[in-house]
>>> print(open('coords.csv').read())   # CSV, C-alpha atoms
chain,number,residue,atom,x,y,z
Y,1,GLY,CA,-6.6,74.6,26.3
Y,2,GLY,CA,-4.3,77.6,26.8
Y,3,VAL,CA,-1.9,78.5,29.6
Y,4,GLY,CA,-4.8,79.8,31.8
Y,5,GLU,CA,-6.8,76.6,31.5
Y,6,ASP,CA,-3.6,74.6,32.3
Y,7,GLY,CA,-3.0,76.6,35.4
Y,8,VAL,CA,-6.6,76.0,36.6
Y,9,ARG,CA,-6.3,72.3,36.0
Y,10,ALA,CA,-3.0,72.2,37.9
Y,11,SER,CA,-4.7,73.9,40.8
Y,12,CYS,CA,-7.6,71.5,40.6
Y,13,LEU,CA,-5.2,68.6,40.9
Y,14,LYS,CA,-3.6,70.1,44.0
Y,15,PHE,CA,-7.1,70.6,45.4
Y,16,LEU,CA,-7.9,66.9,44.6
Y,17,GLU,CA,-4.8,65.9,46.5
Y,18,THR,CA,-5.8,68.0,49.5
Y,19,VAL,CA,-9.3,66.5,49.5
Y,20,LEU,CA,-7.9,62.9,49.2
Y,21,LEU,CA,-5.4,63.3,52.1
Y,22,SER,CA,-7.8,65.2,54.3
Y,23,PHE,CA,-10.7,62.7,53.8
Y,24,SER,CA,-8.8,59.5,54.4
Y,25,TYR,CA,-7.1,57.6,57.3
Y,26,GLY,CA,-3.4,57.5,57.8
Y,27,ALA,CA,-1.3,54.7,59.3
Y,28,LYS,CA,-3.0,52.9,62.2
Y,29,THR,CA,0.1,52.2,64.3
Y,30,ALA,CA,0.7,54.1,67.5
Y,31,GLN,CA,4.1,55.3,66.2
Y,32,ALA,CA,2.5,56.8,63.1
Y,33,GLN,CA,-0.3,58.4,65.1
Y,34,ARG,CA,2.3,60.0,67.5
Y,35,HIS,CA,4.2,61.3,64.5
Y,36,GLN,CA,1.0,62.8,63.1
Y,37,ARG,CA,0.2,64.5,66.3
Y,38,GLN,CA,3.8,66.0,66.4
Y,39,LYS,CA,3.3,67.3,62.9
Y,40,GLY,CA,0.1,69.0,64.0
Y,41,SER,CA,-2.1,70.5,61.3
Y,42,ASN,CA,0.4,69.8,58.5
Y,43,ASP,CA,-1.0,66.3,58.0
Y,44,PHE,CA,-4.7,66.6,58.6
Y,45,SER,CA,-6.6,63.4,58.1
Y,46,LEU,CA,-9.8,61.6,59.4
Y,47,ASP,CA,-7.7,60.2,62.2
Y,48,VAL,CA,-8.0,63.6,64.0
Y,49,MET,CA,-11.7,63.9,63.3
Y,50,PRO,CA,-13.7,64.0,66.6
Y,51,ARG,CA,-16.0,60.9,67.0
Y,52,GLY,CA,-19.7,61.4,67.6
Y,53,HIS,CA,-19.8,64.9,66.1
Y,54,PHE,CA,-23.4,66.1,65.7
Y,55,MET,CA,-22.8,67.4,62.1
Y,56,ILE,CA,-19.6,65.7,60.8
Y,57,ARG,CA,-19.8,62.1,59.6
Y,58,PRO,CA,-16.4,60.6,58.9
Y,59,GLU,CA,-17.8,57.8,56.7
Y,60,GLU,CA,-19.3,60.4,54.4
Y,61,LEU,CA,-16.0,62.3,54.1
Y,62,GLU,CA,-14.1,59.0,53.6
Y,63,GLN,CA,-16.4,58.3,50.6
Y,64,ILE,CA,-15.4,61.6,49.1
Y,65,GLY,CA,-11.8,60.8,49.7
Y,66,GLU,CA,-12.1,57.5,47.9
Y,67,TYR,CA,-13.8,59.2,44.9
Y,68,ALA,CA,-11.0,61.7,44.9
Y,69,PHE,CA,-8.4,58.9,44.8
Y,70,THR,CA,-10.2,57.1,42.0
Y,71,THR,CA,-10.4,60.3,40.0
Y,72,LEU,CA,-6.7,60.9,40.4
Y,73,ARG,CA,-5.9,57.3,39.4
Y,74,GLY,CA,-8.1,57.8,36.3
Y,75,LEU,CA,-6.4,61.0,35.3
Y,76,ILE,CA,-2.9,59.4,35.4
Y,77,THR,CA,-4.0,56.1,33.8
Y,78,LEU,CA,-5.8,57.7,30.9
Y,79,GLY,CA,-3.8,60.9,30.6
Y,80,GLY,CA,-6.9,63.1,31.0
Y,81,GLN,CA,-10.5,63.1,32.1
Y,82,VAL,CA,-13.1,61.0,30.5
Y,83,ARG,CA,-15.9,63.0,29.0
Y,84,ILE,CA,-18.9,63.1,31.4
Y,85,GLU,CA,-22.4,63.4,30.0
Y,86,ASN,CA,-24.4,66.3,31.4
Y,87,ALA,CA,-27.1,64.0,32.7
Y,88,GLU,CA,-24.5,62.4,35.1
Y,89,LEU,CA,-23.8,65.7,36.8
Y,90,PHE,CA,-25.8,66.5,39.9
Y,91,ARG,CA,-27.5,69.8,40.9
Y,92,THR,CA,-26.4,70.7,44.4
Y,93,GLN,CA,-26.9,74.5,44.6
Y,94,SER,CA,-29.1,74.1,47.7
Y,95,GLU,CA,-27.2,71.2,49.3
Y,96,SER,CA,-24.3,71.1,51.7
Y,97,ARG,CA,-20.7,71.7,50.7
Y,98,SER,CA,-19.8,68.1,51.1
Y,99,ALA,CA,-22.7,67.1,48.8
Y,100,ALA,CA,-21.5,69.6,46.2
Y,101,LEU,CA,-18.0,68.2,46.4
Y,102,LEU,CA,-19.3,64.7,46.0
Y,103,ALA,CA,-21.4,65.7,43.0
Y,104,ILE,CA,-18.2,66.8,41.3
Y,105,LEU,CA,-16.0,63.9,42.2
Y,106,LYS,CA,-18.4,61.0,41.9
Y,107,PRO,CA,-19.2,61.3,38.2
Y,108,ALA,CA,-15.5,61.8,37.4
Y,109,ALA,CA,-14.6,58.6,39.4
Y,110,LEU,CA,-17.4,56.5,38.0
Y,111,SER,CA,-16.6,57.5,34.5
Y,112,PHE,CA,-13.1,56.0,35.0
Y,113,LEU,CA,-14.4,52.9,36.8
Y,114,SER,CA,-16.9,52.3,33.9
Y,115,LEU,CA,-14.0,51.7,31.6
Y,116,GLU,CA,-13.4,48.3,33.3
Y,117,THR,CA,-16.3,47.0,31.1
Y,118,SER,CA,-15.9,49.3,28.1
Y,119,GLN,CA,-12.8,50.7,26.4
Y,120,ASP,CA,-14.8,53.1,24.2
Y,121,TYR,CA,-14.3,56.6,25.7
Y,122,GLU,CA,-13.5,60.2,24.7
Y,123,LEU,CA,-11.4,62.5,26.8
Y,124,ASP,CA,-12.8,65.9,27.8
Y,125,PHE,CA,-9.2,67.2,28.2
Y,126,GLU,CA,-5.6,65.8,28.2
Y,127,LEU,CA,-3.1,66.4,31.0
Y,128,SER,CA,-0.3,68.8,30.3
Y,129,PRO,CA,3.3,68.0,31.4
Y,130,LYS,CA,2.8,70.2,34.4
Y,131,SER,CA,-0.5,68.5,35.4
Y,132,TYR,CA,1.1,65.1,34.9
Y,133,ALA,CA,3.9,66.0,37.3
Y,134,ILE,CA,1.5,67.2,39.9
Y,135,GLY,CA,-0.7,64.1,39.6
Y,136,ILE,CA,2.3,61.7,39.8
Y,137,ASN,CA,3.6,63.5,42.9
Y,138,ALA,CA,0.1,63.4,44.5
Y,139,LEU,CA,-0.2,59.7,44.0
Y,140,SER,CA,3.3,59.2,45.5
Y,141,ILE,CA,2.5,61.2,48.6
Y,142,THR,CA,-0.8,59.4,49.0
Y,143,ALA,CA,0.9,56.0,48.7
Y,144,THR,CA,3.5,56.8,51.4
Y,145,THR,CA,1.1,58.5,53.9
Y,146,ARG,CA,-2.0,56.5,53.4
Y,147,PRO,CA,-1.1,52.8,53.5
Y,148,ASN,CA,-4.6,51.7,52.5
Y,149,PHE,CA,-4.0,53.3,49.1
Y,150,PHE,CA,-0.4,52.2,48.6
Y,151,LYS,CA,-1.0,49.2,46.4
Y,152,GLU,CA,-3.5,50.8,44.0
Y,153,ALA,CA,-1.4,54.0,43.7
Y,154,SER,CA,1.7,51.8,43.0
Y,155,GLU,CA,-0.2,49.8,40.4
Y,156,THR,CA,-1.3,53.0,38.6
Y,157,LEU,CA,2.2,54.5,38.5
Y,158,ALA,CA,3.8,51.2,37.5
Y,159,ASN,CA,1.4,50.5,34.7
Y,160,ARG,CA,2.1,53.9,33.3
Y,161,VAL,CA,5.8,53.1,33.2
Y,162,ILE,CA,5.0,49.8,31.4
Y,163,SER,CA,2.5,51.7,29.1
Y,164,PRO,CA,3.8,55.3,28.9
Y,165,PRO,CA,1.7,58.2,27.5
Y,166,ALA,CA,2.0,58.8,23.8
Y,167,ALA,CA,3.4,62.0,22.3
Y,168,SER,CA,0.8,64.5,21.2
Y,169,ALA,CA,0.3,68.2,20.5
Y,170,ILE,CA,0.0,68.7,24.3
Y,171,LEU,CA,2.7,66.2,25.1
Y,172,PRO,CA,5.7,66.5,22.8
Y,173,SER,CA,8.2,63.7,22.9
Y,174,LYS,CA,10.6,65.6,25.1
Y,175,SER,CA,7.8,66.0,27.7
Y,176,VAL,CA,6.9,62.3,27.5
Y,177,CYS,CA,10.5,61.4,28.3
Y,178,ALA,CA,10.4,63.7,31.3
Y,179,ILE,CA,7.2,62.2,32.6
Y,180,VAL,CA,8.5,58.6,32.1
Y,181,SER,CA,11.6,59.6,34.0
Y,182,GLN,CA,9.5,60.9,36.9
Y,183,LEU,CA,7.4,57.8,36.9
Y,184,LYS,CA,10.4,55.5,37.0
Y,185,ALA,CA,12.0,57.5,39.8
Y,186,THR,CA,8.7,57.4,41.8
Y,187,CYS,CA,8.3,53.7,41.3
Y,188,LEU,CA,11.9,53.1,42.6
Y,189,THR,CA,11.2,55.2,45.6
Y,190,LEU,CA,8.0,53.3,46.4
Y,191,LEU,CA,9.7,50.0,45.9
Y,192,ARG,CA,12.3,51.0,48.5
Y,193,ASN,CA,9.5,51.8,51.0
Y,194,PRO,CA,8.7,48.8,53.3
Y,195,LEU,CA,5.0,49.3,52.5
Y,196,SER,CA,5.8,47.8,49.1
Y,197,VAL,CA,6.3,44.5,50.9
Y,198,THR,CA,3.7,44.7,53.5
Y,199,GLN,CA,1.0,46.0,51.1
Y,200,ASN,CA,1.9,43.4,48.4
Y,201,ALA,CA,2.9,46.0,45.8
Y,202,SER,CA,6.5,45.0,45.2
Y,203,GLU,CA,5.8,42.7,42.3
Y,204,ILE,CA,4.2,45.2,40.0
Y,205,LEU,CA,6.8,47.9,40.9
Y,206,LEU,CA,9.6,45.5,40.2
Y,207,GLN,CA,8.0,44.5,36.9
Y,208,ALA,CA,7.7,48.1,35.8
Y,209,LEU,CA,11.4,48.8,36.6
Y,210,LEU,CA,12.6,45.6,35.0
Y,211,SER,CA,10.8,46.7,31.8
Y,212,SER,CA,12.9,49.9,31.9
Y,213,ASN,CA,16.2,48.0,32.3
Y,214,MET,CA,16.6,49.1,35.9
Y,215,GLU,CA,17.1,45.6,37.4
Y,216,ILE,CA,20.1,46.5,39.6
Y,217,GLN,CA,18.5,49.5,41.1
Y,218,ALA,CA,15.2,47.7,41.5
Y,219,GLN,CA,16.7,44.6,43.2
Y,220,LYS,CA,18.7,46.8,45.6
Y,221,ALA,CA,15.5,48.9,46.5
Y,222,LEU,CA,13.5,45.7,47.1
Y,223,GLY,CA,16.3,44.4,49.3
Y,224,VAL,CA,16.1,47.6,51.4
Y,225,ALA,CA,12.3,47.3,51.6
Y,226,LYS,CA,12.4,43.7,52.8
Y,227,HIS,CA,15.1,44.4,55.3
Y,228,THR,CA,13.2,47.4,56.8
Y,229,ALA,CA,10.0,45.5,56.9
Y,230,ALA,CA,11.7,42.6,58.7
Y,231,LEU,CA,13.2,45.0,61.3
Y,232,LYS,CA,9.7,46.5,61.9
Y,233,ARG,CA,8.1,43.1,62.3
Y,234,ALA,CA,10.9,42.1,64.8
Y,235,SER,CA,10.5,45.3,66.7
Y,236,ARG,CA,6.7,44.9,66.9
Y,237,ALA,CA,7.1,41.3,68.1
Y,238,ALA,CA,9.5,42.4,70.8
Y,239,ARG,CA,7.1,45.1,72.0
Y,240,ASN,CA,4.3,42.5,72.1
Y,241,ARG,CA,6.4,40.1,74.2
Y,242,ALA,CA,7.3,42.9,76.6
Y,243,ALA,CA,3.6,43.8,77.0
Y,244,ILE,CA,2.6,40.2,78.0
>>> encode(input="coords.csv", output="structure tokens")
Amino acid sequence: GGVGEDGVRASCLKFLETVLLSFSYGAKTAQAQRHQRQKGSNDFSLDVMPRGHFMIRPEELEQIGEYAFTTLRGLITLGGQVRIENAELFRTQSESRSAALLAILKPAALSFLSLETSQDYELDFELSPKSYAIGINALSITATTRPNFFKEASETLANRVISPPAASAILPSKSVCAIVSQLKATCLTLLRNPLSVTQNASEILLQALLSSNMEIQAQKALGVAKHTAALKRASRAARNRAAI
């Protein structure tokens, strides 16, 4: 596609990120929820959704968020969107906006999940360097702000370090190097996060960085994550004892 199409796809990826973050739950700890309230509308999630609303059903929105996450993982894993047969697309002109959004995301997500049983696929389009950068950043933000998605997001990014995208007409070798550099930096940041320990994602992140000859940086980052996680556990235990 041309520059115009690339701009549209980049905007779609940002929209995908917004849907994912808005239609998912954040951290469940009281400290995290206080932090979210202090940030106000800058970090909207299902945590602030009113319960018992006569029109809004959080479980339906959460499903959309999960499809958005799967679609984003598929884009980064494959370097593009798997071609979707027209018969898989749903007609939703007369339905609600949430149904229309689900009709777009569900086929895209399922087309990626179907590759678990078949590796025979054709891409509808490939990601450009700009779109790759936006997608990687979106997965990183999702991992650090939505703990339930941390492990899968980390696995997606780590596996892309281990098996980087190939150079092509859309991705020249120079761009591939830039993407891999961003992936490695992101994995290092995620490994340093204590969630890498508590969500059992440290092993795959460490493996990815070791494959890139970053053992010293990786071991240091893992040490920081373990130390921070231990401090949080100790602090939580102290609070629990005080509450008894």
>>> residues_around(input="coords.csv", residues="Phe23 (chain Y)", least_positions_apart="4", cutoff="9 Å", atoms="all atoms listed in the file", output="MDAnalysis selection string")
chainID Y and resid 18:19 44:46 58 60:66 68
>>> residues_around(input="coords.csv", residues="region 214-217 of chain Y", least_positions_apart="4", cutoff="12 Å", atoms="all atoms listed in the file", output="JSON, numbers by chain")
{"Y": [161, 181, 184, 185, 187, 188, 189, 191, 192, 205, 206, 207, 208, 209, 210, 221, 222, 223, 224]}
>>> residues_around(input="coords.csv", residues="Ala143 (chain Y)", least_positions_apart="2", cutoff="12 Å", atoms="only C-alpha atoms", output="PDB file with C-alpha atoms, keeping the file's coordinate frame")
ATOM      1  CA  GLU Y  17      -4.800  65.900  46.500  1.00  0.00           C
ATOM      2  CA  LEU Y  20      -7.900  62.900  49.200  1.00  0.00           C
ATOM      3  CA  LEU Y  21      -5.400  63.300  52.100  1.00  0.00           C
ATOM      4  CA  SER Y  24      -8.800  59.500  54.400  1.00  0.00           C
ATOM      5  CA  TYR Y  25      -7.100  57.600  57.300  1.00  0.00           C
ATOM      6  CA  GLY Y  26      -3.400  57.500  57.800  1.00  0.00           C
ATOM      7  CA  ALA Y  27      -1.300  54.700  59.300  1.00  0.00           C
ATOM      8  CA  PHE Y  69      -8.400  58.900  44.800  1.00  0.00           C
ATOM      9  CA  ARG Y  73      -5.900  57.300  39.400  1.00  0.00           C
ATOM     10  CA  ILE Y 136       2.300  61.700  39.800  1.00  0.00           C
ATOM     11  CA  ASN Y 137       3.600  63.500  42.900  1.00  0.00           C
ATOM     12  CA  ALA Y 138       0.100  63.400  44.500  1.00  0.00           C
ATOM     13  CA  LEU Y 139      -0.200  59.700  44.000  1.00  0.00           C
ATOM     14  CA  SER Y 140       3.300  59.200  45.500  1.00  0.00           C
ATOM     15  CA  ILE Y 141       2.500  61.200  48.600  1.00  0.00           C
ATOM     16  CA  THR Y 145       1.100  58.500  53.900  1.00  0.00           C
ATOM     17  CA  ARG Y 146      -2.000  56.500  53.400  1.00  0.00           C
ATOM     18  CA  PRO Y 147      -1.100  52.800  53.500  1.00  0.00           C
ATOM     19  CA  ASN Y 148      -4.600  51.700  52.500  1.00  0.00           C
ATOM     20  CA  PHE Y 149      -4.000  53.300  49.100  1.00  0.00           C
ATOM     21  CA  PHE Y 150      -0.400  52.200  48.600  1.00  0.00           C
ATOM     22  CA  LYS Y 151      -1.000  49.200  46.400  1.00  0.00           C
ATOM     23  CA  GLU Y 152      -3.500  50.800  44.000  1.00  0.00           C
ATOM     24  CA  ALA Y 153      -1.400  54.000  43.700  1.00  0.00           C
ATOM     25  CA  SER Y 154       1.700  51.800  43.000  1.00  0.00           C
ATOM     26  CA  GLU Y 155      -0.200  49.800  40.400  1.00  0.00           C
ATOM     27  CA  THR Y 156      -1.300  53.000  38.600  1.00  0.00           C
ATOM     28  CA  LEU Y 157       2.200  54.500  38.500  1.00  0.00           C
ATOM     29  CA  THR Y 186       8.700  57.400  41.800  1.00  0.00           C
ATOM     30  CA  CYS Y 187       8.300  53.700  41.300  1.00  0.00           C
ATOM     31  CA  THR Y 189      11.200  55.200  45.600  1.00  0.00           C
ATOM     32  CA  LEU Y 190       8.000  53.300  46.400  1.00  0.00           C
ATOM     33  CA  LEU Y 191       9.700  50.000  45.900  1.00  0.00           C
ATOM     34  CA  ASN Y 193       9.500  51.800  51.000  1.00  0.00           C
ATOM     35  CA  PRO Y 194       8.700  48.800  53.300  1.00  0.00           C
ATOM     36  CA  LEU Y 195       5.000  49.300  52.500  1.00  0.00           C
ATOM     37  CA  SER Y 196       5.800  47.800  49.100  1.00  0.00           C
ATOM     38  CA  GLN Y 199       1.000  46.000  51.100  1.00  0.00           C
ATOM     39  CA  ALA Y 201       2.900  46.000  45.800  1.00  0.00           C
TER      40      ALA Y 201
END
>>> atom_distance(input="coords.csv", atom1="CA of Ala158 (chain Y)", atom2="CA of Glu203 (chain Y)")
10.0 Å
>>> residues_around(input="coords.csv", residues="Tyr132 (chain Y)", least_positions_apart="6", cutoff="8 Å", atoms="only C-alpha atoms", output="compact mmCIF listing (two decimals) with C-alpha atoms, keeping the file's coordinate frame")
# COMPACT_ATOMS: atom_id res chain seq x y z
CA ILE Y 76 -2.90 59.40 35.40
CA GLY Y 79 -3.80 60.90 30.60
CA ILE Y 179 7.20 62.20 32.60
>>> closest_residue(input="coords.csv", among="Y:Ser114, Y:Ser163, Y:Ser175, Y:Ser235", to="Leu127 (chain Y)", atoms="only C-alpha atoms")
Y:Ser175
>>> atom_distance(input="coords.csv", atom1="CA of Leu16 (chain Y)", atom2="CA of Val82 (chain Y)")
16.1 Å
>>> residues_around(input="coords.csv", residues="Tyr121 (chain Y)", least_positions_apart="6", cutoff="12 Å", atoms="all atoms listed in the file", output="ChimeraX atom specification")
/Y:78,80-85,111-115
>>> write_last_selection(input="coords.csv", atoms="C-alpha atoms", output="mmCIF file, in the frame of the given file")
data_model
loop_
_atom_site.group_PDB
_atom_site.id
_atom_site.type_symbol
_atom_site.label_atom_id
_atom_site.label_comp_id
_atom_site.auth_asym_id
_atom_site.auth_seq_id
_atom_site.Cartn_x
_atom_site.Cartn_y
_atom_site.Cartn_z
ATOM 1 C CA LEU Y 78 -5.800 57.700 30.900
ATOM 2 C CA GLY Y 80 -6.900 63.100 31.000
ATOM 3 C CA GLN Y 81 -10.500 63.100 32.100
ATOM 4 C CA VAL Y 82 -13.100 61.000 30.500
ATOM 5 C CA ARG Y 83 -15.900 63.000 29.000
ATOM 6 C CA ILE Y 84 -18.900 63.100 31.400
ATOM 7 C CA GLU Y 85 -22.400 63.400 30.000
ATOM 8 C CA SER Y 111 -16.600 57.500 34.500
ATOM 9 C CA PHE Y 112 -13.100 56.000 35.000
ATOM 10 C CA LEU Y 113 -14.400 52.900 36.800
ATOM 11 C CA SER Y 114 -16.900 52.300 33.900
ATOM 12 C CA LEU Y 115 -14.000 51.700 31.600
#
>>> atom_distance(input="coords.csv", atom1="CA of Ala108 (chain Y)", atom2="CA of Ile204 (chain Y)")
25.9 Å
>>> closest_residue(input="coords.csv", among="Y:Pro129, Y:Gly52, Y:Pro164, Y:Pro107", to="Gly7 (chain Y)", atoms="only C-alpha atoms")
Y:Pro129
>>> closest_residue(input="coords.csv", among="Y:Val176, Y:Val8, Y:Leu75, Y:Ala169", to="Gly135 (chain Y)", atoms="all atoms listed in the file")
Y:Leu75
